[in-house]
Amino acid sequence: MEKFKTLIQNISEKKSPQSLIDEGANSELKKTLNVFDLIIIGIGAVVGTGIFTIIGSAIVGSTDGLGAGSAVIISMCLAALASVFSALSYSEIAAMIPVAGSAYTYTYATMGEFMAWMVGWILMLEYAIGNITVASAWTGYLVQLLKGFKHVLPAWVINYPLWLRNDYRSMYEICNRQGTDPHSIMPFLNLPFGLEIPIAANLPAIFIVLVLTILLIKGIKESTKVATIMVGVNLFIILSFIVVGAFYVRPENWTPFAPNGIEGIFTGAFVIFFAYIGFDAISTAAEETKNPQRDLPIAILGTLILCTVLYVCAGLVLTGIIPFNLIDTQAPLAHAMRFVGIHWYAGLISVGALCALTTVLLIYQLGTTRILFAMSRDNFLPRSLKRIHKKFRTPHIITWLSGLVVIICGLFMDLNISAELCNFGTFTSFIIICISVLILRKTEPNRERPFKVPFCPWFPIFGILSCAGLMYCKFSAKATSALYFIIWLIIGLLIYAFYSYHEKRRVDKK
C-alpha cells in the first residue's frame with residue numbers, strides 16, 4: 001500500500017511555474033528571436049503543406065474518408081475555429097511560462113509527471129511523424145518540377161526509378177493499382193530461409209531532411225534566416241495563384257457545393273487541421289525568444305489570422321478552376337494550372353511548393369528537437385541527449401536523433417496516415433493546453449499574465465469541445481490512423497513504465 005501511495009505521488013508530482021521560468025532563464029540556448037522571426041516560423045509551418053498538398057486530400061477525400069468538395073472552405077473555417085480557442089490558450093500560457101517544451105512543459109506545471117510524459121510522447125507524434133508527410137510531399141513537388149525540364153535534363157534524371165522516390169508501402173500500392181509484379185519494378189534483397197526484403201527509399205526526402213538537420217545544428221537564427229527567404233517566395237506564389245487563378249474560375253465548378261454532405265465537411269476539417277499546427281511550433285521556441293511575454297501572443301494569433309485568410313482564398317480559387325473530382329491530391333495547385341493550360345506557371349508553383357515544404361520541414365524538426373530537449377532536461381531520457389554544442393549552442397545530439405527518426409519512419413509510413421496521426425497528436429495537445437489554462441487560473445490566480453484568454457472559462461471549454469468533436473468524427477469512422485494512435489499511446493505508456501519513470505528517480509537521487 002505504501003509503494004502504491006509513493007507511485008501515485010511520484011507520477012502526479014508537478015513542477016511549479018516559477019521553477020520552470022527560472023530553469024528557462026538559466027538555459028544555455030541563445031535568445032535571438034524577435035516577433036518577426038516567430039511569425040515567420042508560424043506562417044512557414046502553417047501555409048506550406050496545407051495549401052500545396054493536404055488541401056487536395058481534404059477536397060477529394062481518400063480511402064480513409066470522404067472529401068469536402070467545394071465546401072472545403074467551410075472545413076477550413078471549422079478547423080480555424082477549433083484552432084482559435086486553443087491559440088488563445090496557448091498565448092496565455094506561453095507568455096506566462098516562456099520555456100521550451102510547449103504543451104509538455106505546461107502539462108508538467110498543471111497535471112504532473114505522468115501526464116507530462118504522455119503529452120511529450122504525443123508531441124513526438126505531432127512533429128516527427130508529421131514531418132514524414134511533409135518530406136513525402138517535398139519529393140512529389142520535386143518530381144513535378146523536374147518534369148518541366150524534360151527538354152533540358154537527361155531522361156534518367158527526370159524519370160529516375162520509382163523505387164528511389166517512394167517508400168515501400170507506396171510502391172506496393174502502385175503495383176496493385178497497375179496490376180504489376182513488384183519484382184519487375186523494385187529490387188529485392190534475398191536473405192536466408194527464402195526471405196526477401198523489398199528495397200525502396202525516398203531519396204529526395206532523405207536528402208532534404210539531412211540538409212535541414214545540419215542547418216538546425218548550425219543555429220536557430222541561421223535557420224530562421226533561411227526560413228524567411230523561403231516564406232517570402234512561398235507567399236508570393238500563393239498570392240499570385242489566387243490572383244491569376246481568379247480569372248479562370250468557373251462558378252459551375254462549385255456545384256455540388258458539398259457532394260458528401262456534413263460527413264465530408266467534418267472529415268475535410270480533420271484533414272485540413274494538419275495545416276494549423278504552426279502556432280504550436282512557435283511556443284516551442286519560447287526559450288530562444290528575446291521578449292517572449294510580448295512576442296509569443298502576437299505571433300500565435302497573427303499567424304492564425306493571416307493563414308486562415310490565405311487558405312479560404314486558395315480553396316475558393318482551386319475548386320473554381322477545376323471540378324473537385326479531377327483535383328490531383330499530390331500537387332493540387334500545379335495540376336490546376338496545367339488543367340487551364342498555363343504549364344509554365346505550374347512549374348513556378350512547384351518551386352514555391354518546394355520552398356514552402358522545406359520551411360515546414362525545418363520548423364517541425366525544430367519543434368521535435370526542443371520538446372525532446374525539455375524531456376531530457378527533466379531526466380526522462382538519457383542525459384547525453386541534452387548536451388549543447390560548444391560552438392553553435394544547439395542540442396546537436398537530439399537534432400541528429402530526430403532527423404534519423406524521420407528518415408527511418410519515412411521508409412514505410414503512408415503519407416495520409418502519418419498526416420492524420422499528426423492531427424490526433426495536435427488535437428490532444430490542444431485539449432491539454434485548454435485544460436492547463438483552466439487549472440492555472442485556479443492554482444496560480446495571482447501570477448502575472450501578460451496575455452489573458454477572453455471570456456474564460458468559456459473559450460477554453462469551447463476549444464476542448466471543438467477538438468474532441470473532430471477527433472470523435474475520425475474515431476467513429478474507424479480510420480486506420482485512429483488505431484495507430486491508440487498503439488502509439490500504449491507504446492509511450494510502456495516506455496514510461498519500464499524506463500523513464502525509473503531513470504528519473506535514479507538521476508534525481510544523485
# chains A, B, ... in the order shown; residues from 1 in each chain; ligands from 1
>>> residues_around(residues="Leu494 (chain A)", least_positions_apart="4", cutoff="12 Å", atoms="only C-alpha atoms", output="list in words")
Phe114, Trp117, Met118, Trp121, Ile487, Trp488, Leu489, Ile490, Phe498, Tyr499, Ser500 and Tyr501 of chain A
>>> residues_around(residues="Arg250 (chain A)", least_positions_apart="2", cutoff="7 Å", atoms="only C-alpha atoms", output="list in words")
Tyr248, Glu252, Asn253, Gly320 and Ile321 of chain A
>>> closest_residue(among="A:Ile432, A:Ile417, A:Ala87, A:Val360", to="Ala109 (chain A)", atoms="only C-alpha atoms")
A:Ile432
>>> atom_distance(atom1="CA of Cys313 (chain A)", atom2="CA of Ile242 (chain A)")
6.7 Å
>>> closest_residue(among="A:Asn190, A:Ile349, A:Thr289, A:Leu212", to="Val226 (chain A)", atoms="only C-alpha atoms")
A:Leu212
